[in-house]
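Q: Here's a structure for you.
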Amino acid sequence: MDDVTFPIGGESRYFTAPDGVRLHARIYEASGDACPALCLPGLARTAMDFDPLARALSEGRHGPARRVVAIDYRGRGESSFDPAGVYDVMVENADLLAVAAALEIGRAAIVGTSRGGLHAMILAATKPEMLRGVVLNDVGPRLEAQGLMRIRAYVGKLPKPGSYAQAAAMLKDVAGAQFPALGDDDWAFFAQTTFRPGESGLEPRYDARLLRALETLDLTQPLPEMWPQFEGLAHAPTLAIRGERSDLFSAATLAEMATRHPNFSSTTVPGQGHAPLLRDEPTIRLIGESIARWTAGAG
């Protein structure tokens with residue numbers, strides 16, 4: 001596999017968190033006044049993950065062109081690390097609200113991958129008027145311990161590859177069984193969004209201390225569930241996306257979600273696990289058309 005990299009769109013902007021930490025977001029501007037989209041990544045993921053989707057939404061490929069804001073949580077991407085290395089979901093939620101306020105975003109469609117979906121459910125309680133619609137990418141109110149065990153096995157523990165080609169091969173070796181549908185370009189993109197150039201080869205785009213939060217979980221016991229928070233999304237149309245091979249978000253949980261939400265739809269992405277890359281055209285089209293429908297007439 002050649003050492004392939006992809007141009008990343010949008011404009012980098014920096015913001016200040018309530019406690020002074022420097023935060024980063026990628027802004028994809030658009031003409032017009034369509035309701036913006038706010039993209040929230042997974043635990044150890046970054047704003048770069050959303051580049052294919054953000055380009056499509058901001059260019060108006062599947063509905064009105066809309067501004068897209070993709071956020072790097074503290075300790076990920078271009079945001080500064082937390083000084084104490086403590087990554088708390090409620091602190092992150094306050095961070096993303098600070099970014100939204102700085103950009104004067106009062107209402108938005110939310111696209112949340114994994115941890116980003118948990119943030120969307122929290123926003124239903126902390127800022128319900130903000131939600132014009134929600135896309136939950138491979139996450140729900142019940143998470144499976146098997147998936148968290150797999151994530152805990154590699155976050156902060158992968159060796160540093162010497163090139164993006166090596167990184168892509170390593171990621172394919174680690175996650176290929178979950179993602180048989182991915183082609184070489186997908187693995188190359190995944191490598192680029194996972195690693196960045198460092199002093200001695202490539203290094204992860206996240207603070208390795210993220211592992212601390214996972215290490216405190218007792219995965220031999222039932223995990224806390226978030227059904228009340230999910231039901232708090234009842235006022236916001238919701239699309240759930242599940243990777244066919246996901247070991248974190250089960251088909252049974254997806255089915256139960258459909259019985260607990262009055263305006264709920266779902267899709268399963270074939271040949272992908274946790275979490276779908278949101279890079280394939282059918283999924284991008286579905287998200288774009290869903291957001292366009294939810295936000296029709298709303299700026």
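By convention here, the chains of the structure tokens are called A, B, ... in the order presented, each chain's residues are numbered starting at 1, and ligands are numbered starting at 1 in the order presented.
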Just the residues within 9 Å of range 288-295 of chain A, please, counting only C-alpha atoms, with nothing from its chain fewer than 2 positions along; format it as a ChimeraX atom specification.
A: /A:34-35,37,53,56-57,60-64,108-109,132-135,236-239,283-286,297-299
Q: Identify all residues of range 223-271 of chain A in strand (DSSP E) (DSSP on the backbone) and supply them as a count of residues only.
A: 12
Q: Nearest to Thr253 in chain A among A:Ile8, A:Val69, A:Ile241, A:Met121, with distances taken over only C-alpha atoms: which residue is it?
A: A:Ile241
Q: Just checking: using only C-alpha atoms, which residue out of A:Arg212, A:His274, A:Arg279, A:Arg142 ends up closest to Ala252 in chain A?
A: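 Residue with the minimum atom-to-atom distance to Ala252 in chain A: A:Arg142.
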Q: Tell me, as a count of residues only, which residues lie within 12 Å of Thr126 in chain A, counting only C-alpha atoms; anything in the same chain fewer than 6 positions away does not count.
A: 10
Q: Calculate how many Å separate CA of Asp19 in chain A from CA of Ala98 in chain A, rounding to one decimal.
A: 10.6 Å
Q: May I have the residues within 10 Å of range 199-201 of chain A as a count of residues only, using only C-alpha atoms and disregarding those fewer than 6 positions away in the same chain?
A: 5
Q: Enumerate, in order of chain and increasing residue number, the residues of range 56-88 of chain A with an atom no farther than 12 Å from range 175-196 of chain A, each with its shortest atom pair and distance in Å to one decimal, counting only C-alpha atoms, as a Markdown table.
A:
```
| residue | atom | partner | partner_atom | distance |
| --- | --- | --- | --- | --- |
| A:Asp72 | CA | A:Thr193 | CA | 11.9 |
| A:Arg76 | CA | A:Thr194 | CA | 10.1 |
| A:Gly77 | CA | A:Thr193 | CA | 8.8 |
| A:Glu78 | CA | A:Arg196 | CA | 10.4 |
```
Q: Take the residues from that selection and write them out as a short mmCIF file (atom, residue, chain, number, x, y, z; two decimals), in the first residue's frame, keeping N, CA and C atoms.
A:
```cif
data_model
loop_
_atom_site.label_atom_id
_atom_site.label_comp_id
_atom_site.auth_asym_id
_atom_site.auth_seq_id
_atom_site.Cartn_x
_atom_site.Cartn_y
_atom_site.Cartn_z
N ASP A 72 -12.79 19.12 17.81
CA ASP A 72 -11.81 18.29 18.50
C ASP A 72 -12.02 18.47 20.00
N ARG A 76 -7.55 15.81 21.99
CA ARG A 76 -7.63 15.14 20.70
C ARG A 76 -7.35 16.14 19.59
N GLY A 77 -6.84 15.62 18.47
CA GLY A 77 -6.63 16.47 17.31
C GLY A 77 -5.74 17.66 17.62
N GLU A 78 -6.23 18.85 17.27
CA GLU A 78 -5.46 20.08 17.45
C GLU A 78 -5.82 20.81 18.74
#
```
Q: With only C-alpha atoms as the counted atoms, please give the residues lying no more than 6 Å from Pro41 in chain A, apart from itself and same-chain residues fewer than 5 positions off, as a PDB file with C-alpha atoms, in the first residue's frame.
A:
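Final output, saved to part10.pdb:
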```pdb
ATOM      1  CA  THR A  46     -10.991  13.868  15.812  1.00  0.00           C
ATOM      2  CA  THR A 113     -20.066   9.170  16.551  1.00  0.00           C
ATOM      3  CA  GLY A 116     -20.259  12.096  20.296  1.00  0.00           C
TER       4      GLY A 116
END
```
Q: Using only C-alpha atoms, which of the listed residues (A:Ala54, A:Ile122, A:Arg66, A:Asp138) sits closest to Gly42 in chain A?
A: A:Asp138
